[in-house]
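K.L.:
My structure is in target-v4.txt, and what it holds is compact mmCIF, C-alpha atoms:
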```
# COMPACT_ATOMS: atom_id res chain seq x y z
CA MET T 944 34.45 -11.08 -120.80
CA VAL T 945 34.84 -8.05 -118.59
CA SER T 946 31.23 -7.20 -118.91
CA TRP T 947 30.37 -10.74 -117.99
CA ASN T 948 32.44 -10.49 -114.79
CA ILE T 949 30.79 -7.18 -113.94
CA ALA T 950 27.44 -8.77 -114.45
CA ILE T 951 28.32 -11.63 -112.10
CA VAL T 952 29.53 -9.15 -109.43
CA LEU T 953 26.34 -7.14 -109.75
CA VAL T 954 24.26 -10.28 -109.43
CA LEU T 955 26.23 -11.32 -106.34
CA LEU T 956 25.88 -7.86 -104.89
CA ALA T 957 22.19 -7.95 -105.58
CA PHE T 958 21.95 -11.20 -103.62
CA ALA T 959 24.37 -10.15 -100.79
CA LEU T 960 23.13 -6.60 -100.23
CA PRO T 961 19.90 -7.58 -98.46
CA PHE T 962 21.86 -9.87 -96.17
CA VAL T 963 24.33 -7.09 -95.39
CA LEU T 964 21.56 -4.65 -94.73
CA LEU T 965 19.78 -7.24 -92.57
CA HIS T 966 22.99 -7.86 -90.61
CA VAL T 967 23.44 -4.14 -90.07
CA GLN T 968 19.84 -3.80 -88.90
CA LEU T 969 20.26 -6.79 -86.58
CA GLU T 970 23.45 -5.36 -85.16
CA GLN T 971 21.78 -2.00 -84.59
CA ARG T 972 18.89 -3.77 -82.89
CA ARG T 973 21.28 -5.72 -80.69
CA GLN T 974 23.03 -2.48 -79.74
CA ARG T 975 19.69 -0.88 -78.89
CA GLN T 976 18.75 -3.93 -76.83
CA ARG T 977 22.06 -3.75 -75.01
CA ARG T 978 21.48 -0.05 -74.34
CA ASP T 979 17.93 -0.78 -73.20
CA PHE T 980 19.17 -3.60 -71.00
CA THR T 981 21.85 -1.36 -69.52
CA GLU T 982 19.28 1.38 -68.89
CA LYS T 983 16.88 -1.13 -67.36
CA GLU T 984 19.63 -2.48 -65.11
CA TYR T 985 20.50 1.05 -64.12
CA LEU T 986 16.86 1.79 -63.38
CA ARG T 987 16.56 -1.44 -61.42
CA ARG T 988 19.62 -0.53 -59.37
CA MET T 989 18.24 2.95 -58.84
CA LEU T 990 14.93 1.45 -57.74
CA ARG T 991 16.65 -0.98 -55.36
CA ASP T 992 18.82 1.80 -53.93
CA THR T 993 15.79 4.06 -53.53
CA GLU T 994 13.82 1.31 -51.82
CA ALA T 995 16.78 0.60 -49.53
CA HIS T 996 17.05 4.31 -48.67
CA VAL T 997 13.32 4.47 -48.01
CA ARG T 998 13.52 1.42 -45.74
CA ASN T 999 16.52 2.85 -43.89
CA ASP T 1000 14.88 6.26 -43.55
CA LYS T 1001 11.67 4.63 -42.35
CA ALA T 1002 13.58 2.52 -39.83
CA LEU T 1003 15.54 5.56 -38.60
CA PHE T 1004 12.33 7.55 -38.29
CA LEU T 1005 10.62 4.78 -36.33
CA GLU T 1006 13.61 4.39 -34.01
CA ALA T 1007 13.84 8.17 -33.58
CA LEU T 1008 10.32 8.17 -32.12
CA GLY T 1009 11.83 6.79 -28.94
CA VAL T 1010 8.59 4.99 -28.03
CA PRO T 1011 7.10 1.65 -29.16
CA PHE T 1012 5.20 2.21 -32.44
CA LEU T 1013 3.22 -0.28 -34.54
CA LEU T 1014 1.24 -0.07 -37.75
CA VAL T 1015 -1.27 -2.90 -38.14
CA LYS T 1016 -3.94 -4.03 -40.57
CA PRO T 1017 -7.55 -4.61 -39.44
CA THR T 1018 -6.78 -8.35 -39.56
CA GLY T 1019 -4.06 -7.93 -36.93
CA ARG T 1020 -1.21 -8.34 -39.42
CA LEU T 1021 1.77 -6.15 -38.52
CA VAL T 1022 2.76 -3.77 -41.30
CA MET T 1023 5.74 -2.14 -39.60
CA ALA T 1024 7.09 -1.50 -36.13
CA ASN T 1025 10.24 -0.25 -34.43
CA ARG T 1026 12.65 -2.10 -32.18
CA TYR T 1027 11.07 -0.71 -29.02
CA ALA T 1028 7.74 -2.29 -29.96
CA GLY T 1029 9.44 -5.63 -30.56
CA ASP T 1030 11.07 -5.46 -27.12
CA VAL T 1031 7.77 -4.68 -25.40
CA LEU T 1032 5.74 -7.27 -27.31
CA GLY T 1033 8.48 -9.89 -27.26
CA VAL T 1034 8.10 -10.60 -31.00
CA ASP T 1035 10.28 -10.37 -34.12
CA VAL T 1036 8.74 -7.36 -35.85
CA GLN T 1037 10.87 -7.92 -38.96
CA LYS T 1038 8.72 -10.94 -39.82
CA CYS T 1039 5.50 -8.83 -39.66
CA PRO T 1040 3.45 -11.52 -37.89
CA ASN T 1041 -0.28 -11.48 -37.19
CA LEU T 1042 -0.38 -10.16 -33.64
CA LEU T 1043 -3.79 -11.64 -32.90
CA LYS T 1044 -2.38 -15.09 -33.60
CA ILE T 1045 0.93 -14.91 -31.75
CA LEU T 1046 0.14 -12.74 -28.72
CA PRO T 1047 -0.96 -14.73 -25.67
CA ASP T 1048 -4.34 -14.12 -24.10
CA GLY T 1049 -4.17 -11.03 -21.94
CA ALA T 1050 -4.86 -7.33 -21.67
CA LEU T 1051 -2.80 -6.36 -24.74
CA ARG T 1052 -4.51 -8.84 -27.04
CA THR T 1053 -7.95 -7.84 -25.72
CA LEU T 1054 -7.23 -4.15 -26.29
CA LEU T 1055 -5.85 -4.84 -29.75
CA GLN T 1056 -8.98 -6.77 -30.75
CA GLU T 1057 -11.16 -3.95 -29.48
CA VAL T 1058 -9.17 -1.32 -31.37
CA LEU T 1059 -9.29 -3.29 -34.63
CA GLN T 1060 -13.02 -3.84 -34.34
CA THR T 1061 -14.08 -0.32 -33.38
CA GLN T 1062 -11.68 1.56 -35.71
CA GLN T 1063 -11.96 4.51 -33.31
CA PRO T 1064 -9.19 6.61 -31.70
CA SER T 1065 -8.64 5.69 -28.05
CA THR T 1066 -6.17 5.86 -25.19
CA GLN T 1067 -6.21 3.08 -22.62
CA SER T 1068 -4.06 2.01 -19.67
CA LEU T 1069 -2.12 -1.20 -19.94
CA THR T 1070 0.13 -3.21 -17.62
CA LEU T 1071 2.76 -5.44 -19.24
CA THR T 1072 5.62 -7.59 -18.01
CA VAL T 1073 8.73 -6.61 -19.98
CA GLN T 1074 11.88 -8.64 -19.39
CA GLY T 1075 10.54 -9.82 -16.05
CA GLU T 1076 9.61 -6.32 -14.84
CA GLU T 1077 6.08 -4.98 -14.49
CA ARG T 1078 5.68 -1.76 -16.46
CA PHE T 1079 2.76 0.58 -17.07
CA TYR T 1080 1.78 2.01 -20.47
CA LEU T 1081 -0.81 4.18 -22.17
CA LEU T 1082 -1.86 2.60 -25.48
CA THR T 1083 -2.90 5.25 -28.02
CA SER T 1084 -4.58 3.97 -31.19
CA THR T 1085 -5.22 6.12 -34.28
CA PRO T 1086 -7.04 4.87 -37.41
CA LEU T 1087 -5.19 6.38 -40.40
CA GLY T 1088 -8.19 6.45 -42.74
CA ASN T 1089 -6.22 5.16 -45.75
CA ALA T 1090 -7.48 2.62 -48.28
CA ASP T 1091 -6.01 -0.29 -46.28
CA LYS T 1092 -7.55 1.00 -43.03
CA HIS T 1093 -4.24 0.80 -41.20
CA ILE T 1094 -4.15 1.63 -37.49
CA GLY T 1095 -1.21 3.29 -35.73
CA LEU T 1096 -0.48 2.18 -32.17
CA VAL T 1097 1.82 4.03 -29.78
CA LEU T 1098 2.79 2.75 -26.33
CA HIS T 1099 3.77 5.50 -23.87
CA ASP T 1100 5.75 4.19 -20.89
CA VAL T 1101 4.27 5.85 -17.78
CA THR T 1102 5.92 3.52 -15.25
CA ASN T 1103 7.84 6.30 -13.50
CA GLU T 1104 4.77 8.53 -13.30
CA HIS T 1105 2.71 5.63 -11.97
CA ARG T 1106 5.30 4.78 -9.34
CA THR T 1107 5.65 8.42 -8.33
CA GLN T 1108 1.89 8.62 -7.88
CA MET T 1109 1.94 5.44 -5.79
CA ILE T 1110 4.80 6.80 -3.67
CA ARG T 1111 2.93 10.05 -3.08
CA ARG T 1112 -0.24 8.19 -2.13
CA ASP T 1113 1.65 5.87 0.21
CA PHE T 1114 3.56 8.82 1.63
CA VAL T 1115 0.35 10.69 2.50
CA ALA T 1116 -1.21 7.54 3.97
CA ASN T 1117 1.87 6.68 6.04
CA ALA T 1118 2.47 10.25 7.17
CA SER T 1119 -1.18 10.54 8.23
CA HIS T 1120 -0.88 7.30 10.19
CA GLU T 1121 2.38 8.34 11.86
CA LEU T 1122 0.88 11.71 12.87
CA ARG T 1123 -2.48 10.30 13.92
CA THR T 1124 -1.04 7.94 16.56
CA PRO T 1125 0.75 10.51 18.76
CA LEU T 1126 -2.03 13.07 18.25
CA THR T 1127 -4.62 10.53 19.40
CA ILE T 1128 -2.59 9.73 22.51
CA MET T 1129 -2.07 13.41 23.33
CA ARG T 1130 -5.74 14.20 22.82
CA GLY T 1131 -6.70 11.32 25.14
CA TYR T 1132 -4.52 12.62 27.95
CA LEU T 1133 -5.72 16.20 27.45
CA GLU T 1134 -9.38 15.14 27.49
CA ASN T 1135 -8.77 13.09 30.62
CA LEU T 1136 -7.12 16.04 32.40
CA LEU T 1137 -9.90 18.42 31.31
CA GLU T 1138 -12.74 16.07 32.24
CA ASN T 1139 -11.17 15.01 35.55
CA PRO T 1140 -9.87 18.08 37.38
CA ASP T 1141 -8.80 15.93 40.31
CA ASP T 1142 -6.30 14.13 38.10
CA ALA T 1143 -4.96 17.49 36.98
CA THR T 1144 -4.19 18.44 40.58
CA ASP T 1145 -2.47 15.12 41.25
CA ALA T 1146 1.20 15.92 40.73
CA ALA T 1147 2.21 12.36 39.87
CA LEU T 1148 -0.59 11.82 37.33
CA ARG T 1149 -0.05 15.27 35.85
CA SER T 1150 3.69 14.73 35.54
CA ARG T 1151 3.19 11.33 33.90
CA ALA T 1152 0.64 12.73 31.42
CA LEU T 1153 2.82 15.72 30.55
CA GLY T 1154 5.86 13.47 30.12
CA ILE T 1155 4.02 11.19 27.70
CA MET T 1156 2.63 14.15 25.76
CA SER T 1157 6.08 15.74 25.62
CA LYS T 1158 7.51 12.53 24.20
CA HIS T 1159 4.85 12.42 21.48
CA VAL T 1160 5.28 16.13 20.69
CA GLU T 1161 8.97 15.34 20.14
CA ARG T 1162 7.96 12.42 17.90
CA ILE T 1163 5.71 14.69 15.80
CA SER T 1164 8.43 17.32 15.62
CA ARG T 1165 10.97 14.70 14.45
CA LEU T 1166 8.54 13.39 11.85
CA VAL T 1167 7.87 16.88 10.48
CA GLU T 1168 11.60 17.66 10.36
CA ASP T 1169 12.33 14.38 8.58
CA MET T 1170 9.56 15.01 6.06
CA LEU T 1171 10.91 18.48 5.34
CA THR T 1172 14.43 17.09 4.97
CA ILE T 1173 13.44 14.34 2.56
CA SER T 1174 11.29 16.79 0.61
CA ARG T 1175 14.31 19.05 0.12
CA LEU T 1176 16.51 16.10 -0.86
CA GLU T 1177 14.01 14.79 -3.41
CA SER T 1178 13.69 18.25 -4.98
CA MET T 1179 17.19 17.99 -6.42
CA GLN T 1180 16.72 20.94 -8.79
CA SER T 1181 15.99 23.31 -5.90
CA LEU T 1182 18.41 21.69 -3.43
CA GLN T 1183 21.41 23.88 -2.72
CA LEU T 1184 24.24 22.04 -0.95
CA GLU T 1185 26.46 24.26 1.19
CA CYS T 1186 29.65 22.34 0.55
CA GLY T 1187 32.80 22.76 2.57
CA GLU T 1188 35.71 20.72 3.87
CA PHE T 1189 35.42 18.88 7.20
CA ASP T 1190 36.81 15.88 9.06
CA LEU T 1191 34.42 12.93 8.84
CA ALA T 1192 35.86 11.30 11.96
CA GLN T 1193 35.15 14.43 13.99
CA GLU T 1194 31.57 14.48 12.65
CA VAL T 1195 31.07 10.86 13.76
CA HIS T 1196 32.34 11.74 17.27
CA GLU T 1197 29.91 14.69 17.48
CA VAL T 1198 26.98 12.54 16.38
CA ALA T 1199 27.99 9.88 18.92
CA GLN T 1200 27.79 12.53 21.67
CA ARG T 1201 24.20 13.28 20.64
CA LEU T 1202 23.41 9.56 20.92
CA GLU T 1203 25.45 9.04 24.09
CA ARG T 1204 22.41 8.47 26.30
CA MET T 1205 21.12 5.67 24.06
CA ILE T 1206 24.61 4.18 23.72
CA VAL T 1207 25.06 4.07 27.49
CA GLN T 1208 21.57 2.69 28.16
CA GLN T 1209 22.10 -0.16 25.69
CA GLN T 1210 25.71 -0.74 26.80
CA ALA T 1211 26.64 -0.43 23.12
CA GLN T 1212 30.22 -0.16 21.90
CA LEU T 1213 31.18 2.30 19.15
CA THR T 1214 34.56 2.18 17.41
CA ILE T 1215 35.86 4.45 14.65
CA SER T 1216 38.73 3.71 12.27
CA MET T 1217 39.56 5.95 9.32
CA LEU T 1218 42.62 6.01 7.08
CA PRO T 1219 44.04 8.53 6.77
CA GLU T 1220 43.04 10.52 9.83
CA PRO T 1221 41.83 13.21 9.70
CA PHE T 1222 39.60 11.88 6.91
CA ARG T 1223 38.67 15.11 5.19
CA ILE T 1224 35.84 15.20 2.67
CA ARG T 1225 33.97 17.91 0.80
CA GLY T 1226 30.20 18.14 1.27
CA ASP T 1227 27.28 19.70 3.12
CA ARG T 1228 28.03 19.09 6.78
CA PHE T 1229 24.36 19.33 7.79
CA TYR T 1230 23.36 16.47 5.51
CA TRP T 1231 26.41 14.42 6.47
CA SER T 1232 25.34 14.85 10.08
CA GLN T 1233 21.93 13.46 9.04
CA ILE T 1234 23.59 10.52 7.25
CA ILE T 1235 25.78 9.51 10.22
CA PHE T 1236 23.05 10.14 12.82
CA ASN T 1237 20.43 8.06 11.02
CA LEU T 1238 22.79 5.15 10.36
CA LEU T 1239 24.01 5.01 13.97
CA GLU T 1240 20.52 5.47 15.38
CA ASN T 1241 19.23 2.77 13.05
CA SER T 1242 21.79 0.31 14.40
CA LEU T 1243 20.94 1.19 18.01
CA LYS T 1244 17.17 1.08 17.59
CA ASN T 1245 17.18 -2.25 15.76
CA ASN T 1246 19.48 -3.81 18.37
CA PRO T 1247 18.04 -2.82 21.77
CA ALA T 1248 19.64 -5.81 23.54
CA PRO T 1249 22.77 -4.83 25.50
CA GLY T 1250 26.22 -5.21 24.01
CA VAL T 1251 25.84 -4.39 20.31
CA HIS T 1252 29.12 -3.34 18.66
CA ILE T 1253 28.96 -0.63 15.98
CA HIS T 1254 32.03 0.00 13.87
CA VAL T 1255 32.38 3.07 11.60
CA SER T 1256 35.23 2.94 9.08
CA ALA T 1257 36.43 4.87 6.04
CA ALA T 1258 39.28 4.32 3.60
CA ARG T 1259 40.43 5.55 0.23
CA GLN T 1260 40.18 2.99 -2.57
CA ALA T 1261 42.68 2.20 -5.33
CA ASP T 1262 40.58 4.08 -7.91
CA GLY T 1263 40.59 7.24 -5.80
CA SER T 1264 37.06 6.84 -4.44
CA ALA T 1265 36.24 6.43 -0.75
CA ALA T 1266 34.36 3.61 1.00
CA ILE T 1267 32.60 4.52 4.25
CA SER T 1268 30.87 1.77 6.20
CA VAL T 1269 28.71 1.48 9.32
CA GLN T 1270 28.65 -2.11 10.56
CA ASP T 1271 27.02 -3.78 13.57
CA ASN T 1272 26.89 -7.32 14.90
CA GLY T 1273 23.20 -7.22 15.77
CA VAL T 1274 20.08 -9.12 14.71
CA GLY T 1275 20.50 -8.25 11.01
CA ILE T 1276 17.96 -7.72 8.24
CA ALA T 1277 15.98 -10.47 6.51
CA GLU T 1278 16.98 -11.05 2.89
CA GLU T 1279 13.50 -10.31 1.55
CA ALA T 1280 13.55 -6.90 3.26
CA LEU T 1281 16.88 -5.70 1.81
CA PRO T 1282 15.51 -4.36 -1.54
CA PHE T 1283 13.04 -2.10 0.32
CA ILE T 1284 15.13 -0.94 3.25
CA PHE T 1285 15.65 2.58 1.79
CA ASN T 1286 11.97 3.12 0.95
CA ARG T 1287 10.09 5.78 2.86
CA PHE T 1288 8.20 4.47 5.91
CA TYR T 1289 9.35 0.92 5.24
CA ARG T 1290 9.96 -1.08 8.40
CA ALA T 1291 11.83 -4.37 8.34
CA ASP T 1292 10.58 -4.97 11.87
CA LYS T 1293 6.85 -5.77 11.69
CA SER T 1294 6.33 -6.03 15.45
CA GLY T 1295 5.89 -2.30 15.92
CA LEU T 1296 8.19 -2.36 18.96
CA ILE T 1297 10.92 -0.32 17.25
CA LYS T 1298 9.92 3.33 17.19
CA GLY T 1299 10.91 5.90 14.59
CA THR T 1300 9.63 7.97 11.70
CA GLY T 1301 10.48 5.36 9.06
CA LEU T 1302 12.22 8.06 7.02
CA GLY T 1303 15.79 7.81 8.33
CA LEU T 1304 17.30 5.44 5.78
CA SER T 1305 15.44 7.12 2.94
CA ILE T 1306 17.01 10.42 4.02
CA VAL T 1307 20.42 8.71 4.12
CA ARG T 1308 20.08 7.41 0.55
CA HIS T 1309 18.94 10.74 -0.88
CA ALA T 1310 21.63 12.67 0.99
CA VAL T 1311 24.37 10.33 -0.22
CA GLU T 1312 23.11 10.53 -3.82
CA ALA T 1313 22.96 14.33 -3.56
CA HIS T 1314 26.73 14.20 -2.96
CA GLY T 1315 27.29 12.00 -6.02
CA GLY T 1316 27.71 8.81 -4.00
CA THR T 1317 25.94 5.47 -3.70
CA ILE T 1318 24.86 3.41 -0.69
CA SER T 1319 24.24 -0.31 -0.37
CA VAL T 1320 23.40 -2.71 2.44
CA ALA T 1321 24.37 -6.30 3.14
CA SER T 1322 23.28 -8.41 6.06
CA GLU T 1323 23.69 -11.84 7.61
CA PRO T 1324 20.94 -12.17 10.23
CA GLY T 1325 22.43 -12.75 13.65
CA VAL T 1326 25.96 -12.06 12.38
CA ARG T 1327 26.34 -8.58 10.90
CA THR T 1328 24.73 -5.74 8.98
CA VAL T 1329 26.85 -3.29 7.02
CA PHE T 1330 25.86 -0.12 5.18
CA THR T 1331 28.50 0.92 2.64
CA ILE T 1332 28.76 4.40 1.12
CA VAL T 1333 30.99 4.93 -1.92
CA LEU T 1334 32.00 8.52 -2.69
CA PRO T 1335 33.71 9.73 -5.88
CA ALA T 1336 37.28 11.00 -5.70
CA SER T 1337 36.01 14.56 -6.25
CA ALA T 1338 34.36 14.46 -2.80
CA LEU T 1339 37.66 13.81 -1.02
CA CYS T 1340 40.17 16.33 0.27
CA ILE T 1341 42.92 13.87 1.19
```
Can you turn what I pasted into structure tokens?

P.N.:
Amino acid sequence: MVSWNIAIVLVLLAFALPFVLLHVQLEQRRQRQRRDFTEKEYLRRMLRDTEAHVRNDKALFLEALGVPFLLVKPTGRLVMANRYAGDVLGVDVQKCPNLLKILPDGALRTLLQEVLQTQQPSTQSLTLTVQGEERFYLLTSTPLGNADKHIGLVLHDVTNEHRTQMIRRDFVANASHELRTPLTIMRGYLENLLENPDDATDAALRSRALGIMSKHVERISRLVEDMLTISRLESMQSLQLECGEFDLAQEVHEVAQRLERMIVQQQAQLTISMLPEPFRIRGDRFYWSQIIFNLLENSLKNNPAPGVHIHVSAARQADGSAAISVQDNGVGIAEEALPFIFNRFYRADKSGLIKGTGLGLSIVRHAVEAHGGTISVASEPGVRTVFTIVLPASALCI
């Protein structure tokens, strides 16, 4: 009986053993699959993290360039670009659009088509309107020579250089014109005196000619002095201010004495009010003399009719800064002229009746900025014009 039971157990074991072994093998396989799945998930996460790091590093690198950069395919499809490029082009670079399809007809699209077709390195000038402002760029294209024939595009903003060049060109042209006029007049009188000796012996004619020539020599001298002054002010790195403490009210009185003849002739009225008084500031007295002189002279010259009232005031503000203003009740300045009033040789008066070098207000602006201040102008034609200088608290000694 026992042997029979043993036999039954052995038979059952014989039948069950393969199933047990199969179960064990299946369990081992499931464990391996779980391990493989875990490893694959780990690798996937590693891959995603690596790709994210690469994207972030690439984005940081592109932003660190500091200039608009684009990488495009020969078809015009954008591969990558930085934020600066998106701002200039006015497109969402994250969507990698086809630039030839979304850019409007214009210089940029024409240049881009040319670059993609020629596949040759080039640098070309380009003018674009960015956020309503006209800006100037140099577009540098470089074929990368890879399998996809990508092309790198870099936009260098040369707006400041372009404007500086324009200012220099205009400065030379305007300075030449301003010098040519008095020189031509002086030469005419000299030639007349040399060719007509009788006129030279006529005391009245000679006196008149010499008086006119003297006036124009003074004009040339003033122009040269103003050009030297503005040249020093614009060369901020080499400009050395000789700063000291002085009373601004006293400086205004001294400048008014220099302009007394013009003030009397035009029956002008000058008033000064400063709180506190004395109103002591720290700065280069020479340049402050230039600031006050040019602002007062500007008011007098632009209001030759008798009776103009000029008011100079200064007061300390709540934040510790100082506001200095020169106000008159004259003819005023047209609104369209206000943005250009501090430009060199700019004249709001187009009649040519108001004489001057055209550099006075430009000198004022540069001198104020050299002292860390700002200047602005507001005007209501026929009512008032006011120039306001704001100085930092560090420039005050009160």

K.L.:
Work out how far apart CA of Ala1321 (chain T) and CA of Ala1258 (chain T) are and give it in Å to one decimal.

P.N.:
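It comes out at 18.3 Å.
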
K.L.:
Tell me, as a list in words, which residues lie within 10 Å of region 1245-1251 of chain T, counting only C-alpha atoms; anything in the same chain fewer than 2 positions away does not count.

P.N.:
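In the requested format, the answer is Met1205, Ile1206, Val1207, Gln1208, Gln1209, Gln1210, Ala1211, Gln1212, Leu1213, Glu1240, Asn1241, Ser1242, Leu1243, Ile1253, His1254, Asp1271, Asn1272, Gly1273, Val1274, Gly1275, Ile1276, Ala1291, Asp1292, Leu1296, Ile1297 and Lys1298 of chain T.
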
K.L.:
So that I can check the surroundings of Val1320 (chain T), please list as a list in words every protein, DNA and RNA residue that reaches within 7 Å of it, counting all atoms listed in the file and ignoring chain neighbours fewer than 4 positions away.

P.N.:
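The residues satisfying every condition are Val1329, Phe1330 and Thr1331 of chain T.
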
K.L.:
Of the candidates T:Val1010, T:Ile1224, T:Met1129, T:Ala1152, which shows the shortest atom-to-atom distance to Val1101 (chain T), using all atoms listed in the file?

P.N.:
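Result for the nearest residue to Val1101 (chain T): T:Val1010.
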
K.L.:
Rank nothing, just name the residue among T:Pro1335, T:His1196, T:Gly1325, T:Arg1123 nearest to Arg1225 (chain T), using only C-alpha atoms.

P.N.:
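Ranked by minimum distance to Arg1225 (chain T), first place goes to T:Pro1335.
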
K.L.:
In terms of the shortest atom-to-atom distance over only C-alpha atoms, which of T:Arg1308, T:His1099, T:Arg1259, T:Lys1244 is closest to Phe1283 (chain T)?

P.N.:
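With only C-alpha atoms as the atom set, the closest residue is T:Arg1308.
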
K.L.:
Smallest atom-to-atom distance to Glu1185 (chain T): which of T:Ala1313, T:Gln1063, T:Ala1116, T:Val1097, using all atoms listed in the file?

P.N.:
T:Ala1313

K.L.:
Which of these, T:Arg991, T:Arg1287, T:Arg1020, T:Arg1052, has the shortest distance to Pro1040 (chain T) once you count all atoms listed in the file?

P.N.:
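Of T:Arg991, T:Arg1287, T:Arg1020, T:Arg1052, the one nearest Pro1040 (chain T) is T:Arg1020, counting all atoms listed in the file.
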
K.L.:
How many Å lie between CA of Ile1128 (chain T) and CA of Ser1150 (chain T), rounded to one decimal?

P.N.:
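So the two atoms, CA of Ile1128 (chain T) and CA of Ser1150 (chain T), lie 15.3 Å apart.
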
K.L.:
Can you measure CA of Tyr1230 (chain T) to CA of Gly1187 (chain T) for me? One decimal in Å is fine.

P.N.:
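For CA of Tyr1230 (chain T) relative to CA of Gly1187 (chain T), the distance reads 11.7 Å.
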
K.L.:
Using only C-alpha atoms, which protein or nucleic acid residues come within 7 Å of Leu1191 (chain T)? Drop anything in the same chain fewer than 4 positions from it, and give the result as a compact mmCIF listing (two decimals) with C-alpha atoms, keeping the file's coordinate frame.

P.N.:
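The new file out_16.txt reads:
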```
# COMPACT_ATOMS: atom_id res chain seq x y z
CA VAL T 1195 31.07 10.86 13.76
CA PHE T 1222 39.60 11.88 6.91
CA ARG T 1223 38.67 15.11 5.19
CA ILE T 1224 35.84 15.20 2.67
```

K.L.:
Report as a PDB file with C-alpha atoms, in the coordinates of the input all protein, DNA and RNA residues lying within 10 Å of Phe1285 (chain T), evaluated on all atoms listed in the file, omitting residues in the same chain fewer than 5 positions from it.

P.N.:
```pdb
ATOM      1  CA  ALA T1280      13.550  -6.900   3.260  1.00  0.00           C
ATOM      2  CA  ARG T1290       9.960  -1.080   8.400  1.00  0.00           C
ATOM      3  CA  GLY T1301      10.480   5.360   9.060  1.00  0.00           C
ATOM      4  CA  LEU T1302      12.220   8.060   7.020  1.00  0.00           C
ATOM      5  CA  GLY T1303      15.790   7.810   8.330  1.00  0.00           C
ATOM      6  CA  LEU T1304      17.300   5.440   5.780  1.00  0.00           C
ATOM      7  CA  SER T1305      15.440   7.120   2.940  1.00  0.00           C
ATOM      8  CA  ILE T1306      17.010  10.420   4.020  1.00  0.00           C
ATOM      9  CA  VAL T1307      20.420   8.710   4.120  1.00  0.00           C
ATOM     10  CA  ARG T1308      20.080   7.410   0.550  1.00  0.00           C
ATOM     11  CA  HIS T1309      18.940  10.740  -0.880  1.00  0.00           C
ATOM     12  CA  ILE T1318      24.860   3.410  -0.690  1.00  0.00           C
ATOM     13  CA  SER T1319      24.240  -0.310  -0.370  1.00  0.00           C
ATOM     14  CA  VAL T1320      23.400  -2.710   2.440  1.00  0.00           C
TER      15      VAL T1320
END
```

K.L.:
Let me have the centre and edge lengths in Å, one decimal, of the box along x, y and z around every listed atom of region 1140-1150 of chain T with 4 Å of margin on each side, as JSON.

P.N.:
```
{"center_x": -3.1, "center_y": 15.1, "center_z": 38.4, "size_x": 21.6, "size_y": 14.6, "size_z": 13.7}
```

K.L.:
Find the nearest atom pair between each residue of region 1041-1061 of chain T and region 1021-1035 of chain T for residues within 9 Å, count only C-alpha atoms, give distances in Å to one decimal, sort rows by chain and ascending number, and present the table as a Markdown table.

P.N.:
```
| residue | atom | partner | partner_atom | distance |
| --- | --- | --- | --- | --- |
| T:Asn1041 | CA | T:Leu1021 | CA | 5.9 |
| T:Leu1042 | CA | T:Leu1021 | CA | 6.7 |
| T:Ile1045 | CA | T:Val1034 | CA | 8.4 |
| T:Leu1046 | CA | T:Leu1032 | CA | 8.0 |
| T:Leu1051 | CA | T:Leu1032 | CA | 9.0 |
```

K.L.:
Could you name the residues that touch Ala1336 (chain T) at 10 Å or less, counting all atoms listed in the file, but leaving out those on the same chain fewer than 2 positions away, as a ChimeraX atom specification?

P.N.:
/T:1224,1259-1260,1262-1265,1316,1333-1334,1338-1341

K.L.:
Can I get the selected residues back with C-alpha atoms, as a JSON list (two decimals), in the coordinates of the input?

P.N.:
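Dumped to part-v2.json:
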```
[["chain", "number", "residue", "atom", "x", "y", "z"],
["T", 1224, "ILE", "CA", 35.84, 15.20, 2.67],
["T", 1259, "ARG", "CA", 40.43, 5.55, 0.23],
["T", 1260, "GLN", "CA", 40.18, 2.99, -2.57],
["T", 1262, "ASP", "CA", 40.58, 4.08, -7.91],
["T", 1263, "GLY", "CA", 40.59, 7.24, -5.80],
["T", 1264, "SER", "CA", 37.06, 6.84, -4.44],
["T", 1265, "ALA", "CA", 36.24, 6.43, -0.75],
["T", 1316, "GLY", "CA", 27.71, 8.81, -4.00],
["T", 1333, "VAL", "CA", 30.99, 4.93, -1.92],
["T", 1334, "LEU", "CA", 32.00, 8.52, -2.69],
["T", 1338, "ALA", "CA", 34.36, 14.46, -2.80],
["T", 1339, "LEU", "CA", 37.66, 13.81, -1.02],
["T", 1340, "CYS", "CA", 40.17, 16.33, 0.27],
["T", 1341, "ILE", "CA", 42.92, 13.87, 1.19]]
```

K.L.:
Of the residues T:Gln1037, T:Thr1102, T:Thr1328, T:Thr1317, which is the one nearest to Ala1266 (chain T), using all atoms listed in the file?

P.N.:
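Closest to Ala1266 (chain T), using all atoms listed in the file: T:Thr1317.
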